[in-house]
Amino acid sequence: MKLYGWLGFLLLLISEYCLFRKIEPFYSWFYCFAWWSYILLADNLLLRLRGRSLLCGRRAELWRMLPLSVFIWLIFEGYNLALRNWAYDGVPAQMWIRWVGYSVAFATVLPGVFIAADIFEFILFGPQAQLASQAEKLPAPPATATLPILVPLGLCLSAAPLLWPRYFFPTIWVGPIFLFDPFLERLGLQSLSLRIAAGDRRKVFSLLAGGLFCGVLWEFWNFWAASRWIYSVPFFGNWKIFEMPILGFFGFPPFALECWILYHLLTQMQRRWRSRPARAAFWLGIGLFCILMFHAIDTHTVLHFVSNGHSGTKTQSAGNAVRATDHAPPRLKALSTHAGSITA
């Protein structure tokens with residue numbers, strides 16, 4: 001095992017020990033420590049299986065992937081401003097620490113999903129010419145065209161949760177797939193729908209498996225963490241595994257497809273904008289969107305801020321946390337009351 005693999009293994013052991021002993025900063029930041037440990041370990045396993053990985057052979061891509069991972073997840077945080085399906089509890093009161101924590105946590109999404117998908121591809125289908133996380137260029141105009149109905153269907157499924165969030169909240173995990181996948185072909189990449197039409201479902205199945213695997217780990221590690229998210233889902237929110245309603249686990253596999261589509265769409269757009277001003281505008285736009293969304297999360301999605309660390313268990317019940325729940329649906333207010341009773 002490579003040195004960074006041993007580092008990930010040691011960091012995970014230390015994080016688990018400090019979590020149950022409530023030792024800072026591991027207790028408050030357990031999710032970040034656990035997920036970066038997983039990335040180091042899983043990447044090392046992928047390197048042994050395939051001879052290449054994100055950290056060995058694709059390191060430059062990894063550095064570009066991290067801010068896009070934050071950006072892509074924040075798109076779903078934007079949806080959650082209307083849905084109110086999840087909220088964060090016990091985040092640090094200091095803004096600079098809190099926003100760094102958001103960035104470090106959300107940056108794990110794409111690497112975690114893609115590494116898992118690459119490993120599952122090897123397990124399920126053996127070595128392939130390209131990794132499941134990578135996209136192939138279209139060598140020529142495709143023999144089969146994407147169904148014209150996909151884009152309008154995706155648009156309807158993506159817009160419905162904003163218009164009728166109580167009934168259409170699950171469609172945020174499928175709508176962007178139909179909406180954006182056909183645009184990969186416009187940018188010269190082979191879309192997932194084209195692969196399915198050609199009878200090749202290996203990449204899709206690998207991504208689905210990687211998404212489900214990461215979803216289980218997300219929920220498992222979140223359940224024990226001091227700073228964590230809490231769900232509030234209409235109709236079937238009472239039957240849970242960890243914090244996640246049981247049916248919610250079906251959202252993780254298609255979420256991996258959304259991550260893959262959006263990531264390659266954004267990276268291909270950036271490659272086509274070759275001028276420095278265009279690329280600077282691209283990254284500036286992403287940065288501004290992230291800042292706005294961090295502020296929106298603070299204002300509308302955080303239940304309680306922790307002022308003196310979890311070891312002191314002192315929470316703020318004023319400011320943004322109160323304003324966030326004042327206009328929340330009853331189920332979110334109940335969560336706020338419950339979370340406050342735990343941390344008070």
# chains A, B, ... in the order shown; residues from 1 in each chain; ligands from 1

call {"tool": "closest_atom_pairs", "arguments": {"of": "segment 213-265 of chain A", "to": "segment 300-309 of chain A", "cutoff": "12 Å", "atoms": "only C-alpha atoms", "output": "CSV"}}
result
residue,atom,partner,partner_atom,distance
A:Ala226,CA,A:Gly309,CA,9.8
A:Ser227,CA,A:Val306,CA,9.0
A:Arg228,CA,A:Val302,CA,10.1
A:Trp229,CA,A:Val302,CA,8.8
A:Ile230,CA,A:Leu303,CA,9.3
A:Tyr231,CA,A:Thr301,CA,11.0
A:Ser232,CA,A:Thr301,CA,11.5

call {"tool": "write_last_selection", "arguments": {"atoms": "C-alpha atoms", "output": "compact mmCIF listing (two decimals), in the first residue's frame"}}
result
# COMPACT_ATOMS: atom_id res chain seq x y z
CA ALA A 226 -21.52 15.91 16.02
CA SER A 227 -22.04 18.35 13.14
CA ARG A 228 -24.52 16.62 10.88
CA TRP A 229 -27.52 16.96 8.62
CA ILE A 230 -31.07 15.99 9.54
CA TYR A 231 -33.82 15.05 7.08
CA SER A 232 -37.37 16.30 6.88

call {"tool": "residues_around", "arguments": {"residues": "Pro111 of chain A", "least_positions_apart": "6", "cutoff": "8 Å", "atoms": "only C-alpha atoms", "output": "list in words"}}
result
Ile39, Leu54, Leu62, Met65, Leu66 and Ser69 of chain A

call {"tool": "select_by_dssp", "arguments": {"residues": "segment 28-246 of chain A", "states": "helix (DSSP H, G or I)", "output": "PyMOL selection string"}}
result
chain A and resi 30-50+59-83+95-106+109-125+150-163+165-173+175-186+192-197+202-224+246

call {"tool": "residues_around", "arguments": {"residues": "Pro152 of chain A", "least_positions_apart": "5", "cutoff": "9 Å", "atoms": "only C-alpha atoms", "output": "list in words"}}
result
Leu157, Phe178 and Leu179 of chain A

call {"tool": "select_by_dssp", "arguments": {"residues": "segment 81-146 of chain A", "states": "strand (DSSP E or B)", "output": "ChimeraX atom specification"}}
result
/A:86-92,137

call {"tool": "write_last_selection", "arguments": {"atoms": "C-alpha atoms", "output": "PDB file, in the first residue's frame"}}
result
ATOM      1  CA  TRP A  86     -32.576  18.537   4.960  1.00  0.00           C
ATOM      2  CA  ALA A  87     -30.982  20.904   7.455  1.00  0.00           C
ATOM      3  CA  TYR A  88     -27.590  21.179   9.157  1.00  0.00           C
ATOM      4  CA  ASP A  89     -27.236  21.087  12.911  1.00  0.00           C
ATOM      5  CA  GLY A  90     -24.275  21.968  15.123  1.00  0.00           C
ATOM      6  CA  VAL A  91     -22.134  23.890  12.636  1.00  0.00           C
ATOM      7  CA  PRO A  92     -19.482  26.331  13.916  1.00  0.00           C
ATOM      8  CA  LYS A 137     -15.105  11.623 -27.131  1.00  0.00           C
TER       9      LYS A 137
END

call {"tool": "residues_around", "arguments": {"residues": "Pro170 of chain A", "least_positions_apart": "6", "cutoff": "9 Å", "atoms": "only C-alpha atoms", "output": "PDB file with C-alpha atoms, in the first residue's frame"}}
result
ATOM      1  CA  PRO A 161     -39.824  20.449  -7.357  1.00  0.00           C
ATOM      2  CA  GLY A 248     -34.270   8.148   0.205  1.00  0.00           C
ATOM      3  CA  GLY A 251     -31.811   8.735  -4.721  1.00  0.00           C
TER       4      GLY A 251
END

call {"tool": "residues_around", "arguments": {"residues": "Phe122 of chain A", "least_positions_apart": "3", "cutoff": "12 Å", "atoms": "only C-alpha atoms", "output": "ChimeraX atom specification"}}
result
/A:45-51,115-119,125-133,202-203,205-207,209-210

call {"tool": "closest_residue", "arguments": {"among": "A:Leu262, A:Leu19, A:Ile75, A:Leu40", "to": "Ala135 of chain A", "atoms": "only C-alpha atoms"}}
result
A:Leu262

call {"tool": "residues_around", "arguments": {"residues": "Pro139 of chain A", "least_positions_apart": "6", "cutoff": "9 Å", "atoms": "only C-alpha atoms", "output": "JSON, numbers by chain"}}
result
{"A": [188, 189, 190]}

call {"tool": "closest_residue", "arguments": {"among": "A:Phe26, A:Trp63, A:Phe252, A:Phe76", "to": "Ile14 of chain A", "atoms": "only C-alpha atoms"}}
result
A:Phe26
